[in-house]
Each structure stands twice: as C-alpha cells, then as structure tokens.
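Participant: Handing over entry-v8.csv, CSV, C-alpha atoms (C1' of nucleotides).
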chain,number,residue,atom,x,y,z
A,1,MET,CA,85.8,50.5,97.7
A,2,ASP,CA,88.6,48.1,98.0
A,3,SER,CA,91.8,50.2,97.7
A,4,LYS,CA,93.2,47.7,95.3
A,5,LYS,CA,90.4,48.6,92.9
A,6,LYS,CA,91.2,52.3,93.1
A,7,ARG,CA,93.4,53.7,90.4
A,8,PRO,CA,96.7,55.1,91.4
A,9,LEU,CA,97.4,58.7,91.6
A,10,ILE,CA,100.6,60.4,92.7
A,11,VAL,CA,100.5,64.0,93.8
A,12,LEU,CA,103.7,66.0,94.2
A,13,THR,CA,103.1,69.4,95.6
A,14,GLY,CA,104.8,71.9,97.9
A,15,PRO,CA,105.4,75.6,98.2
A,16,THR,CA,106.7,77.5,95.2
A,17,ALA,CA,110.4,77.2,94.6
A,18,ALA,CA,110.8,74.1,96.7
A,19,GLY,CA,112.0,72.1,93.7
A,20,LYS,CA,109.0,70.1,92.6
A,21,THR,CA,109.7,70.2,88.9
A,22,SER,CA,113.1,68.6,89.2
A,23,LEU,CA,111.9,65.9,91.5
A,24,SER,CA,108.9,65.2,89.4
A,25,LEU,CA,111.1,64.2,86.5
A,26,GLY,CA,113.0,61.7,88.5
A,27,LEU,CA,109.8,60.3,89.9
A,28,ALA,CA,108.1,60.0,86.6
A,29,ALA,CA,111.1,58.3,85.1
A,30,ALA,CA,111.2,55.8,88.0
A,31,VAL,CA,107.6,54.8,88.0
A,32,GLY,CA,106.7,55.2,84.4
A,33,GLY,CA,104.5,58.2,85.0
A,34,GLU,CA,103.1,61.1,83.1
A,35,ILE,CA,103.0,64.5,84.6
A,36,ILE,CA,99.9,66.6,84.8
A,37,SER,CA,100.6,70.2,85.8
A,38,ALA,CA,98.4,71.4,88.7
A,39,ASP,CA,99.2,75.0,88.2
A,40,SER,CA,96.9,77.9,87.4
A,41,MET,CA,99.5,79.9,85.4
A,42,GLN,CA,101.5,77.3,83.5
A,43,VAL,CA,98.4,76.6,81.4
A,44,TYR,CA,99.0,79.9,79.6
A,45,ARG,CA,101.0,80.1,76.4
A,46,GLY,CA,103.7,82.7,76.4
A,47,MET,CA,103.9,82.8,80.2
A,48,ASP,CA,107.1,80.8,80.6
A,49,ILE,CA,109.6,82.7,82.7
A,50,GLY,CA,107.2,84.1,85.3
A,51,SER,CA,105.4,80.8,85.9
A,52,ALA,CA,108.7,78.9,86.1
A,53,LYS,CA,107.4,76.5,83.5
A,54,ILE,CA,109.6,73.6,82.5
A,55,LYS,CA,111.3,73.9,79.1
A,56,LYS,CA,110.7,71.3,76.4
A,57,GLU,CA,114.3,70.2,76.4
A,58,GLU,CA,114.2,69.6,80.2
A,59,MET,CA,111.4,67.2,80.0
A,60,ARG,CA,113.6,64.2,79.3
A,61,GLY,CA,110.9,62.7,77.1
A,62,ILE,CA,108.3,62.5,79.8
A,63,PRO,CA,104.9,63.5,78.7
A,64,HIS,CA,103.6,66.7,80.4
A,65,HIS,CA,99.9,67.6,80.3
A,66,LEU,CA,98.1,70.9,80.8
A,67,LEU,CA,100.9,73.2,79.8
A,68,ASP,CA,100.5,75.8,77.2
A,69,ILE,CA,96.9,75.0,76.5
A,70,LEU,CA,95.3,78.5,76.8
A,71,ASP,CA,95.8,81.9,75.5
A,72,PRO,CA,96.5,84.5,78.2
A,73,SER,CA,93.3,86.2,77.3
A,74,GLU,CA,91.2,83.2,78.2
A,75,ASP,CA,89.7,82.6,81.6
A,76,PHE,CA,90.7,79.6,83.6
A,77,ASP,CA,89.2,78.2,86.7
A,78,ILE,CA,89.1,75.2,88.9
A,79,VAL,CA,86.2,73.5,87.0
A,80,ARG,CA,88.0,73.8,83.8
A,81,PHE,CA,91.1,72.5,85.4
A,82,GLN,CA,89.3,69.6,86.9
A,83,ALA,CA,87.8,68.5,83.6
A,84,LEU,CA,91.1,68.8,81.8
A,85,ALA,CA,93.0,66.9,84.5
A,86,LYS,CA,90.5,64.1,84.5
A,87,GLU,CA,90.6,63.9,80.8
A,88,ALA,CA,94.4,63.7,80.9
A,89,MET,CA,94.3,61.0,83.6
A,90,ALA,CA,91.9,58.9,81.5
A,91,GLY,CA,94.4,58.9,78.7
A,92,ILE,CA,97.3,58.1,81.0
A,93,TYR,CA,95.5,55.1,82.6
A,94,GLU,CA,94.7,53.9,79.1
A,95,ARG,CA,98.4,53.9,78.3
A,96,GLY,CA,99.0,51.9,81.4
A,97,HIS,CA,100.9,54.7,83.1
A,98,ILE,CA,100.6,56.5,86.4
A,99,PRO,CA,99.5,60.1,86.6
A,100,ILE,CA,101.6,62.4,88.6
A,101,LEU,CA,99.9,65.6,89.5
A,102,THR,CA,102.6,68.2,90.1
A,103,GLY,CA,102.1,71.8,91.1
A,104,GLY,CA,101.4,74.2,93.8
A,105,THR,CA,97.8,75.1,93.5
A,106,GLY,CA,96.3,73.3,96.4
A,107,PHE,CA,92.8,73.9,95.6
A,108,TYR,CA,93.2,72.4,92.1
A,109,ILE,CA,94.8,69.4,93.5
A,110,GLN,CA,92.0,68.9,96.0
A,111,ALA,CA,89.4,69.2,93.2
A,112,VAL,CA,91.0,66.1,91.6
A,113,THR,CA,92.0,64.0,94.7
A,114,ARG,CA,88.6,64.4,96.3
A,115,ASP,CA,86.8,64.6,93.0
A,116,ILE,CA,84.8,67.6,94.2
A,117,ASP,CA,81.5,67.9,92.4
A,118,PHE,CA,81.1,71.4,90.8
A,119,SER,CA,78.3,70.3,88.6
A,120,PRO,CA,75.4,72.3,90.1
A,121,SER,CA,74.3,74.7,87.4
A,122,HIS,CA,76.6,77.6,86.7
A,123,LYS,CA,75.7,80.0,84.0
A,124,ASP,CA,77.9,82.7,82.6
A,125,GLY,CA,78.8,85.0,85.4
A,126,SER,CA,76.1,87.5,84.6
A,127,LEU,CA,74.3,86.7,87.8
A,128,ARG,CA,77.5,87.3,89.7
A,129,GLU,CA,77.8,90.7,88.0
A,130,SER,CA,74.2,91.7,88.8
A,131,ILE,CA,74.7,90.8,92.4
A,132,ALA,CA,77.8,93.0,92.6
A,133,GLU,CA,75.8,95.7,90.8
A,134,LYS,CA,73.1,95.6,93.4
A,135,ALA,CA,75.6,96.1,96.1
A,136,ARG,CA,77.3,98.9,94.3
A,137,ASP,CA,76.1,101.9,96.3
A,138,GLN,CA,74.7,100.1,99.3
A,139,GLU,CA,76.3,100.4,102.7
A,140,GLU,CA,79.1,98.3,104.1
A,141,GLY,CA,77.8,94.9,105.1
A,142,PHE,CA,75.0,94.8,102.6
A,143,LEU,CA,76.0,91.6,100.7
A,144,HIS,CA,76.8,89.8,103.9
A,145,ARG,CA,73.4,90.6,105.4
A,146,TRP,CA,71.8,89.5,102.2
A,147,LEU,CA,73.6,86.2,102.4
A,148,ALA,CA,72.7,85.8,106.1
A,149,GLN,CA,69.1,85.8,105.0
A,150,VAL,CA,69.2,83.2,102.3
A,151,ASP,CA,72.1,81.1,103.7
A,152,PRO,CA,72.9,81.8,107.3
A,153,GLN,CA,75.3,79.0,107.5
A,154,SER,CA,77.6,80.4,104.8
A,155,ALA,CA,77.2,83.8,106.2
A,156,GLU,CA,78.7,82.6,109.4
A,157,LEU,CA,81.6,80.9,107.6
A,158,ILE,CA,82.5,83.7,105.3
A,159,HIS,CA,83.9,86.9,106.7
A,160,GLU,CA,81.8,89.9,105.8
A,161,ASN,CA,84.8,91.6,104.1
A,162,ASN,CA,85.3,88.7,101.8
A,163,GLU,CA,83.1,90.0,99.0
A,164,LYS,CA,84.3,87.6,96.4
A,165,ARG,CA,83.2,84.5,98.4
A,166,ILE,CA,80.0,86.1,99.5
A,167,ILE,CA,79.0,86.8,95.9
A,168,ARG,CA,79.8,83.3,94.9
A,169,ALA,CA,77.6,81.9,97.8
A,170,LEU,CA,74.8,84.2,96.7
A,171,GLU,CA,75.3,83.2,93.1
A,172,PHE,CA,75.1,79.5,94.0
A,173,TYR,CA,72.0,80.0,96.0
A,174,TYR,CA,70.1,81.8,93.3
A,175,GLU,CA,71.3,79.4,90.6
A,176,ASN,CA,70.5,76.2,92.4
A,177,GLY,CA,67.9,77.1,94.9
A,178,TYR,CA,69.7,75.7,97.9
A,179,PRO,CA,72.7,77.0,100.0
A,180,ILE,CA,76.2,76.3,98.9
A,181,SER,CA,77.0,75.5,102.5
A,182,GLU,CA,74.8,72.5,102.2
A,183,HIS,CA,76.5,71.4,99.0
A,184,ASN,CA,80.0,71.9,100.5
A,185,ALA,CA,79.1,70.0,103.6
A,186,ARG,CA,78.1,67.1,101.4
A,187,GLU,CA,81.2,67.2,99.3
A,188,LYS,CA,83.4,67.3,102.4
A,189,GLU,CA,82.3,63.9,103.3
A,190,LYS,CA,83.7,62.3,100.2
A,191,GLU,CA,86.9,60.4,100.3
A,192,SER,CA,89.3,60.1,97.5
A,193,PRO,CA,88.3,57.8,94.7
A,194,TYR,CA,92.0,57.1,94.0
A,195,ASN,CA,94.7,55.1,95.5
A,196,LEU,CA,96.4,58.3,96.5
A,197,ALA,CA,100.0,59.0,97.3
A,198,TYR,CA,100.2,62.7,98.3
A,199,PHE,CA,103.6,64.1,98.7
A,200,ALA,CA,104.6,67.7,99.7
A,201,LEU,CA,108.1,68.8,99.1
A,202,THR,CA,109.4,71.5,101.3
A,203,VAL,CA,112.5,73.2,102.8
A,204,GLU,CA,112.9,75.1,106.0
A,205,ARG,CA,111.3,78.4,105.7
A,206,GLU,CA,114.3,80.6,105.9
A,207,LEU,CA,115.9,78.7,103.1
A,208,LEU,CA,112.8,78.6,101.1
A,209,TYR,CA,112.5,82.4,101.3
A,210,ARG,CA,116.1,82.7,100.1
A,211,ARG,CA,115.4,80.4,97.2
A,212,ILE,CA,112.4,82.5,96.3
A,213,ASP,CA,114.4,85.7,96.2
A,214,GLU,CA,117.1,84.1,94.1
A,215,ARG,CA,114.6,82.7,91.7
A,216,VAL,CA,113.0,86.1,91.2
A,217,ASP,CA,116.4,87.5,90.5
A,218,LYS,CA,117.0,84.8,88.0
A,219,MET,CA,113.7,85.3,86.3
A,220,MET,CA,114.6,89.0,85.9
A,221,GLU,CA,117.9,88.0,84.3
A,222,GLU,CA,116.1,85.6,82.0
A,223,GLY,CA,113.9,88.3,80.7
A,224,LEU,CA,110.7,88.4,82.7
A,225,LEU,CA,110.2,92.0,82.0
A,226,GLU,CA,110.5,91.4,78.2
A,227,GLU,CA,108.1,88.5,78.5
A,228,VAL,CA,105.5,90.7,80.1
A,229,ARG,CA,106.2,93.6,77.8
A,230,SER,CA,105.4,91.4,74.8
A,231,LEU,CA,102.3,90.0,76.5
A,232,LYS,CA,101.2,93.6,77.1
A,233,ALA,CA,101.8,94.4,73.5
A,234,ARG,CA,99.5,91.5,72.6
A,235,GLY,CA,96.8,93.1,74.7
A,236,CYS,CA,97.2,91.5,78.1
A,237,ARG,CA,95.8,93.7,80.9
A,238,ARG,CA,95.5,93.6,84.6
A,239,GLY,CA,92.0,92.4,84.7
A,240,MET,CA,92.7,89.0,83.0
A,241,VAL,CA,92.9,85.9,85.1
A,242,SER,CA,96.3,85.2,83.6
A,243,MET,CA,97.6,88.6,84.6
A,244,GLN,CA,96.9,87.9,88.2
A,245,GLY,CA,99.9,85.7,88.3
A,246,LEU,CA,102.9,86.6,90.4
A,247,GLY,CA,105.5,88.2,88.3
A,248,TYR,CA,103.0,89.3,85.7
A,249,LYS,CA,101.0,91.7,87.8
A,250,GLU,CA,104.0,93.4,89.2
A,251,MET,CA,105.8,93.8,85.9
A,252,LEU,CA,102.6,95.1,84.4
A,253,ASP,CA,102.3,97.6,87.1
A,254,TYR,CA,105.8,98.7,86.5
A,255,LEU,CA,105.1,99.1,82.8
A,256,ASP,CA,102.1,101.1,83.7
A,257,GLY,CA,104.2,103.4,85.7
A,258,CYS,CA,102.8,102.5,89.1
A,259,TYR,CA,106.3,102.1,90.6
A,260,SER,CA,110.0,101.7,89.8
A,261,LEU,CA,111.4,98.4,88.5
A,262,GLU,CA,113.3,98.0,91.8
A,263,GLU,CA,110.0,98.3,93.7
A,264,ALA,CA,108.3,95.9,91.4
A,265,VAL,CA,111.0,93.3,92.1
A,266,ARG,CA,110.7,93.9,95.8
A,267,VAL,CA,107.0,93.5,95.8
A,268,LEU,CA,107.2,90.4,93.7
A,269,LYS,CA,109.6,88.8,96.1
A,270,ARG,CA,107.5,89.7,99.1
A,271,ASP,CA,104.3,88.5,97.5
A,272,THR,CA,105.9,85.3,96.4
A,273,ARG,CA,107.0,84.7,100.0
A,274,HIS,CA,103.5,85.4,101.2
A,275,PHE,CA,102.2,83.0,98.6
A,276,ALA,CA,104.5,80.3,99.8
A,277,LYS,CA,103.3,80.8,103.3
A,278,ARG,CA,99.7,80.4,102.3
A,279,GLN,CA,100.5,77.3,100.4
A,280,MET,CA,102.1,75.8,103.5
A,281,THR,CA,99.0,76.6,105.5
A,282,TRP,CA,96.9,74.8,102.9
A,283,PHE,CA,99.1,71.7,102.8
A,284,ASN,CA,99.4,71.6,106.5
A,285,ARG,CA,95.7,71.1,106.7
A,286,GLU,CA,95.5,68.4,104.1
A,287,LYS,CA,95.1,64.9,105.5
A,288,ASP,CA,97.3,62.0,104.6
A,289,ILE,CA,100.0,64.2,103.2
A,290,CYS,CA,103.5,62.8,103.2
A,291,TRP,CA,106.0,65.5,103.8
A,292,LEU,CA,109.3,65.5,102.2
A,293,LYS,CA,111.5,67.9,104.1
A,294,LYS,CA,114.7,68.3,102.1
A,295,GLU,CA,116.9,69.0,105.0
A,296,GLU,CA,115.9,65.6,106.4
A,297,PHE,CA,117.2,64.0,103.3
A,298,ASP,CA,120.5,66.0,103.3
A,299,PHE,CA,119.1,67.8,100.2
A,300,ASP,CA,119.8,64.7,98.2
A,301,GLU,CA,117.2,64.1,95.6
A,302,GLU,CA,118.1,60.5,95.2
A,303,LYS,CA,117.4,59.9,98.8
A,304,ILE,CA,114.0,61.6,98.6
A,305,LEU,CA,113.2,59.6,95.5
A,306,GLY,CA,114.1,56.4,97.3
A,307,TYR,CA,111.8,57.2,100.1
A,308,MET,CA,109.0,58.1,97.8
A,309,LEU,CA,109.3,54.8,96.1
A,310,ASP,CA,109.1,53.0,99.4
A,311,VAL,CA,105.9,54.8,100.2
A,312,LEU,CA,104.6,53.9,96.7
A,313,ARG,CA,105.4,50.3,97.2
A,314,GLU,CA,103.6,50.3,100.5
A,315,LYS,CA,100.5,51.6,98.8
A,316,ASP,CA,101.0,49.1,96.0
A,317,ILE,CA,101.3,51.8,93.4
A,318,TYR,CA,104.7,50.7,92.4
A,319,ARG,CA,106.7,47.6,92.7
L,1,G,C1',134.5,122.4,122.7
L,2,G,C1',129.6,125.2,121.7
L,3,U,C1',124.5,125.4,119.9
L,4,G,C1',120.1,123.2,118.1
L,5,C,C1',117.0,119.0,116.9
L,6,C,C1',115.7,114.0,117.9
L,7,A,C1',115.1,109.3,120.8
L,8,U,C1',107.6,105.4,120.8
L,9,A,C1',107.2,97.4,118.7
L,10,G,C1',112.0,94.2,113.7
L,11,C,C1',111.3,98.9,110.3
L,12,C,C1',108.4,103.5,109.2
L,13,A,C1',105.4,106.4,112.3
L,14,A,C1',100.9,109.3,115.0
L,15,G,C1',100.0,111.0,119.7
L,16,U,C1',102.6,116.7,123.1
L,17,G,C1',99.2,116.0,130.8
L,18,G,C1',94.4,111.5,131.6
L,19,U,C1',96.3,106.0,130.9
L,20,A,C1',99.8,104.1,123.6
L,21,A,C1',96.5,105.5,116.0
L,22,G,C1',98.1,103.5,111.5
L,23,G,C1',101.3,101.2,107.7
L,24,C,C1',105.1,97.5,106.5
L,25,A,C1',107.7,93.1,107.8
L,26,A,C1',107.4,88.5,110.7
L,27,A,C1',104.1,84.8,112.6
L,28,G,C1',99.4,82.1,112.6
L,29,G,C1',94.8,81.0,110.0
L,30,U,C1',90.3,80.7,106.4
L,31,C,C1',89.3,78.7,101.6
L,32,U,C1',84.5,73.8,97.4
L,33,G,C1',83.8,77.9,89.8
L,34,C,C1',88.7,84.3,89.4
L,35,A,C1',92.7,80.3,94.4
L,36,A,C1',99.9,82.8,92.1
L,37,C,C1',92.8,85.1,94.0
L,38,A,C1',90.1,87.0,98.0
L,39,C,C1',89.9,87.3,103.2
L,40,C,C1',90.9,87.0,108.7
L,41,U,C1',93.9,87.1,113.5
L,42,C,C1',98.1,89.3,115.8
L,43,A,C1',102.6,93.1,119.0
L,44,A,C1',104.9,98.1,123.3
L,45,C,C1',105.3,98.9,131.0
L,46,C,C1',106.9,105.1,124.8
L,47,C,C1',116.2,105.3,125.9
L,48,C,C1',117.9,105.6,131.4
L,49,C,C1',117.7,108.3,136.3
L,50,G,C1',115.4,112.0,139.3
L,51,G,C1',111.6,115.8,139.8
L,52,U,C1',106.6,118.5,139.3
L,53,U,C1',101.4,116.6,139.4
L,54,C,C1',95.7,113.3,141.7
L,55,A,C1',97.6,111.7,136.8
L,56,A,C1',103.7,112.1,132.4
L,57,A,C1',105.3,108.9,126.3
L,58,U,C1',103.7,113.9,126.8
L,59,C,C1',106.2,119.2,131.5
L,60,C,C1',111.3,120.3,134.2
L,61,G,C1',116.5,118.8,135.4
L,62,G,C1',120.5,115.4,134.6
L,63,G,C1',122.6,111.2,131.8
L,64,U,C1',123.3,108.2,127.4
L,65,G,C1',122.9,107.7,122.1
L,66,G,C1',122.1,109.7,117.2
L,67,C,C1',121.8,113.8,113.6
L,68,A,C1',122.7,118.8,112.0
L,69,C,C1',125.2,123.2,112.3
L,70,C,C1',129.1,126.4,114.4
L,71,U,C1',134.2,127.3,116.2
Rewrite the structure from the file as structure tokens, please.

Facilitator:
Amino acid sequence: MDSKKKRPLIVLTGPTAAGKTSLSLGLAAAVGGEIISADSMQVYRGMDIGSAKIKKEEMRGIPHHLLDILDPSEDFDIVRFQALAKEAMAGIYERGHIPILTGGTGFYIQAVTRDIDFSPSHKDGSLRESIAEKARDQEEGFLHRWLAQVDPQSAELIHENNEKRIIRALEFYYENGYPISEHNAREKEKESPYNLAYFALTVERELLYRRIDERVDKMMEEGLLEEVRSLKARGCRRGMVSMQGLGYKEMLDYLDGCYSLEEAVRVLKRDTRHFAKRQMTWFNREKDICWLKKEEFDFDEEKILGYMLDVLREKDIYR
RNA sequence: GGUGCCAUAGCCAAGUGGUAAGGCAAAGGUCUGCAACACCUCAACCCCCGGUUCAAAUCCGGGUGGCACCU
C-alpha cells in the first residue's frame, strides 16, 4: 500500500474542446509517456472528424492506444474499455513508460483509476431485453416498483424515470442474486491502486462554449457531413452505440430528413455545450483532481506543462 | 395624422374575472456494463397610471412602446 510501490498513472481530462489533445502531446514528450485515449467515440474507425480524433501526422511519434480499434457497427462499453486500457497499460509499464490516460469520458477514467470491478456475471443482454419486454405495456412506474421489491436501496437511488438504470439494476439482481447497490457500495470504498496524478484542463465557461461553437463550425468545414454520409452508406444507423456520438446522431438525423442542416448544426452545438456542462459536473465531484484553468496560466501551454511537471515531481512520478 | 391589432420570465408561449400551463435557453445536480448515454432540480408581484369589482394578467379609461393598414 506504500505509494512508492504503486505504479504511476497520469490522467488528463477536461470538458470537450478544452484542448486536451494538444497538451497531452507536450506532456507525453516531457515525461516519456504513451497516450491511452479515454474516449468512447475515438475507438471507432472512420469516425475522425466528429470525434475530434488526433491525426497520425500530429502524434509526433508518441504512441497512442485505443484509437481506431473498432468498427462502428460494434458495441463498446465501459467493461470493454477497462479491459483494453489495462492491457495497454501493462504494455506501457513493460516498456518502462508512463501511461497517460487522456479523454473526456469521466466514467471510463474512473473505471481505470479506481479499478472498478465489473466482474459479476453478465450475459448477453437478453435478460435486459426480457425485462424491458415485461414492462412494455405495464403502467408508468412498473419497473421502479419492481426494483423496489428486490433492491429497495437502488430503487431509492435511481429516479423512477431513469429506465435505463432501473433495468440495469434489475438485470444485475437477477444475474447475480444480490443487489447492485450492495456491489456499488463495496466498490466505492476502494482507493486507487495507482500513484495517480489526475489533471483536468478547463477554460472559463463562456470561452469554452465559444470554442465549442467554433469547433463544430470547423468540423462542418472539414467534412463532417461527408464523413457521416459515408458511414451511413456503410450501414451505420441511429441505434448503434457509435452513432450516439455527438455530431453523428445530428448529421444522421439531417440525412434522414428530420430537420435542416442549419438546425442540425444548431442542435449539435447546443448538445455539445450540454455535454461539456455534464462533464464539468462529473469532474467537480472527483476527488484529488488537479484543475488546470487555462486563464490562470495566461493560456500558455508551456506554463501549464511546467506546473504539471511540478505536480508530477511531488508525486514522484517524474524527476 | 387616422384606424386596427398586440404588450405575460433571456426567448417562444397558454391563460380572457378567482389568485400565473408548457417548451427552449441559462444554471445546478445524479451517475459503477449503451456514459458524447440516460435521468433529476429550477424561474414571473403578467408594460405604466387610474377606475369597476369581495376579487383583474384577464373588464373600462388614459399613457407608453411595437406591428399592420389607410390618408
């Protein structure tokens, strides 16, 4: 349990469009790190513009993991991410390098930093479907009442309108024979098995929103619509996990005639702002997070980097 | 200059005598196998002044502002 024995792990997160990618390169170069993408959309091949994926030629020779590893038709979830990330980390440690987890998917990051155990049996989703099926023509709070009977604790925690989470809780209960609330409570106790440096890069909200709007415009200029059009031609549809990504669902809706292109762009900008806000809420709650507010560093990446290295030295991750 | 219509939260907007629906935005929050997901919380002395009435955002008069049409 001595922190010296723990392996180093650097996390660089922050809301979308804060500038994580750029900073991660400087950081990796400075500490001899390899980057693992903690992003639920950049794993997909062919989804480059909308996911703001780094281009090969921008990588400056720094190894990047977990990019372009799946076809958009494949499902991706946190368990799969966790396994892949751990695998990548093992390789990085073996090479004597430091893993730098970079991305904005807070939940994914947490799965790694706290090493959440998702092991209790999970089959194929058929149980989930049959639970949803049972509720099909029942009245309003049916699922929630059902959950209240088998797992009152979770029922209290999960709002009755949050069907997705209710179904997961029920699924867990019937697959494992004990409440998910019990499992979660146990997992919550765990502390990070890593010598962790957890950075969150951000800018003041107003500026962040402006950057988001600008970035969306830029994506459109770079051909986001064409990217989605070709994904659609290859069979990508709304129901796929990959097509739930910002930029993809809006363009798909436009192509399906749900609204004008102008409206699609407006919705995309708005939803991206909402997303950034949710990310902030998530990170605000994370403990031991080290905030990097750009305006406090005069927007100078070198200064930010310098500060980060100080923190890393303090934690004995870098010298 | 005349006539008509309108004036409700940042925006859109219902209510037309009994004490202010809803949507969007903004803000805050939840999250342990779809998380770029899903979900929750949240706003008004109804343009101003006077009158009628037990009671007015709602009716009447005047003012101000906007829109439309006419000369």

Participant: Counting only C-alpha atoms (C1' of nucleotides), which residues of chain A come no farther than 8 Å from chain L, as a ChimeraX atom specification?

Facilitator: /A:40-41,76-79,105,107,111,116,118,122,159,161-165,184,187,241,244-246,272,275,281

Participant: Could you work out how far CA of Lys293 in chain A lies from CA of Thr202 in chain A, giving the answer in Å with one decimal?

Facilitator: 5.0 Å

Participant: Could you tell me how far CA of Lys188 in chain A sits from CA of Lys86 in chain A, in Å to one decimal place?

Facilitator: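 That distance, rounded to one decimal, is 19.5 Å.
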
Participant: Near range 45-52 of chain L, within 12 Å and counting all atoms listed in the file, which residues show up once chain neighbours fewer than 4 positions away are dropped, as a list in words?

Facilitator: C6, A7, U8, A9, G15, G17, U19, A20, A56, A57, U58, C59, C60, G61, G62, G63, U64, G65 and G66 of chain L

Participant: Nearest residue to Trp291 in chain A out of A:Ile167, A:Cys236, A:Tyr108, A:Ile304, using all atoms listed in the file?

Facilitator: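 Closest residue, counting all atoms listed in the file: A:Ile304.
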
Participant: With distances taken over only C-alpha atoms, which of A:Arg128, A:Arg60, A:Arg114, A:Lys249 is nearest to Arg186 in chain A?

Facilitator: A:Arg114

Participant: Using CA of Leu268 in chain A and CA of Ser73 in chain A as the two end points, give the distance in Å to one decimal.

Facilitator: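 Taking CA of Leu268 in chain A as the start and CA of Ser73 in chain A as the end point, the length is 21.9 Å.
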
Participant: Could you pull the residues within 12 Å of Asp271 in chain A, counting only C-alpha atoms (C1' of nucleotides), minus those fewer than 2 positions along the same chain, as a list in words?

Facilitator: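 After dropping sequence-adjacent residues, the list is Thr16, Tyr209, Ile212, Asp213, Val216, Gln244, Gly245, Leu246, Gly247, Tyr248, Lys249, Glu250, Glu263, Ala264, Val265, Arg266, Val267, Leu268, Lys269, Arg273, His274, Phe275, Ala276, Lys277 and Arg278 of chain A; A25 and A36 of chain L.
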
Participant: Using only C-alpha atoms, which of the listed residues (A:Gly33, A:Gly46, A:Lys218, A:Ile10) sits closest to Ile92 in chain A?

Facilitator: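 Between A:Gly33, A:Gly46, A:Lys218, A:Ile10, the residue approaching Ile92 in chain A most closely is A:Gly33.
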
Participant: Just the residues within 7 Å of Asn176 in chain A, please, counting all atoms listed in the file, with nothing from its chain fewer than 2 positions along; format it as a count of residues only.

Facilitator: 6

Participant: Once you count all atoms listed in the file, which residues end up no further than 12 Å from (91.5, 61.0, 81.7) in the file's frame, shown as a list in words?

Facilitator: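 Every residue inside that radius is included here: Arg7, Leu9, Glu34, Ile36, His65, Leu66, Gln82, Ala83, Leu84, Ala85, Lys86, Glu87, Ala88, Met89, Ala90, Gly91, Ile92, Tyr93, Glu94, Arg95, Gly96, His97, Ile98, Pro99 and Val112 of chain A.
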
Participant: Only C-alpha atoms, please: the residues just picked out, written as a compact mmCIF listing (two decimals), in the coordinates of the input.

Facilitator:
# COMPACT_ATOMS: atom_id res chain seq x y z
CA ARG A 7 93.40 53.70 90.40
CA LEU A 9 97.40 58.70 91.60
CA GLU A 34 103.10 61.10 83.10
CA ILE A 36 99.90 66.60 84.80
CA HIS A 65 99.90 67.60 80.30
CA LEU A 66 98.10 70.90 80.80
CA GLN A 82 89.30 69.60 86.90
CA ALA A 83 87.80 68.50 83.60
CA LEU A 84 91.10 68.80 81.80
CA ALA A 85 93.00 66.90 84.50
CA LYS A 86 90.50 64.10 84.50
CA GLU A 87 90.60 63.90 80.80
CA ALA A 88 94.40 63.70 80.90
CA MET A 89 94.30 61.00 83.60
CA ALA A 90 91.90 58.90 81.50
CA GLY A 91 94.40 58.90 78.70
CA ILE A 92 97.30 58.10 81.00
CA TYR A 93 95.50 55.10 82.60
CA GLU A 94 94.70 53.90 79.10
CA ARG A 95 98.40 53.90 78.30
CA GLY A 96 99.00 51.90 81.40
CA HIS A 97 100.90 54.70 83.10
CA ILE A 98 100.60 56.50 86.40
CA PRO A 99 99.50 60.10 86.60
CA VAL A 112 91.00 66.10 91.60

Participant: Applying 12 Å and all atoms listed in the file, which residues near G2 in chain L remain after dropping the ones on its own chain fewer than 2 positions away? List them as a PDB file with C-alpha atoms (C1' of nucleotides), in the frame of the given file.

Facilitator:
ATOM      1  C1'   G L   4     120.100 123.200 118.100  1.00  0.00           C
ATOM      2  C1'   C L  69     125.200 123.200 112.300  1.00  0.00           C
ATOM      3  C1'   C L  70     129.100 126.400 114.400  1.00  0.00           C
ATOM      4  C1'   U L  71     134.200 127.300 116.200  1.00  0.00           C
TER       5        U L  71
END

Participant: For Gly14 in chain A, work out the shell of residues within 9 Å, counting all atoms listed in the file and skipping chain neighbours fewer than 6 positions away, then give it as a ChimeraX atom specification.

Facilitator: /A:20,102-106,199-202,276,279-280,283,291-292

Participant: Residues within 7 Å of (99.2, 79.9, 77.9), file coordinates, counting all atoms listed in the file: what are they? Give the list as a list of chain:residue names.

Facilitator: A:Gln42, A:Val43, A:Tyr44, A:Arg45, A:Gly46, A:Met47, A:Asp68, A:Ile69, A:Leu70, A:Asp71, A:Pro72

Participant: Reconstruct N, CA and C atoms of range 246-258 of chain A; output as a compact mmCIF listing (two decimals), keeping the file's coordinate frame.

Facilitator:
# COMPACT_ATOMS: atom_id res chain seq x y z
N LEU A 246 101.70 85.91 89.82
CA LEU A 246 102.90 86.60 90.40
C LEU A 246 103.91 86.78 89.30
N GLY A 247 104.49 87.94 89.30
CA GLY A 247 105.50 88.20 88.30
C GLY A 247 104.83 89.02 87.14
N TYR A 248 103.63 88.62 86.81
CA TYR A 248 103.00 89.30 85.70
C TYR A 248 102.30 90.59 86.18
N LYS A 249 101.62 90.49 87.31
CA LYS A 249 101.00 91.70 87.80
C LYS A 249 101.96 92.78 88.18
N GLU A 250 103.06 92.39 88.78
CA GLU A 250 104.00 93.40 89.20
C GLU A 250 104.74 94.04 88.02
N MET A 251 105.10 93.23 87.02
CA MET A 251 105.80 93.80 85.90
C MET A 251 104.82 94.71 85.08
N LEU A 252 103.58 94.29 85.03
CA LEU A 252 102.60 95.10 84.40
C LEU A 252 102.40 96.44 85.07
N ASP A 253 102.38 96.39 86.37
CA ASP A 253 102.30 97.60 87.10
C ASP A 253 103.47 98.54 86.91
N TYR A 254 104.62 97.90 86.80
CA TYR A 254 105.80 98.70 86.50
C TYR A 254 105.68 99.36 85.15
N LEU A 255 105.28 98.57 84.16
CA LEU A 255 105.10 99.10 82.80
C LEU A 255 104.09 100.18 82.73
N ASP A 256 103.13 100.10 83.63
CA ASP A 256 102.10 101.10 83.70
C ASP A 256 102.50 102.32 84.51
N GLY A 257 103.73 102.27 85.00
CA GLY A 257 104.20 103.40 85.70
C GLY A 257 103.78 103.53 87.18
N CYS A 258 103.28 102.43 87.73
CA CYS A 258 102.80 102.50 89.10
C CYS A 258 104.00 102.63 90.11
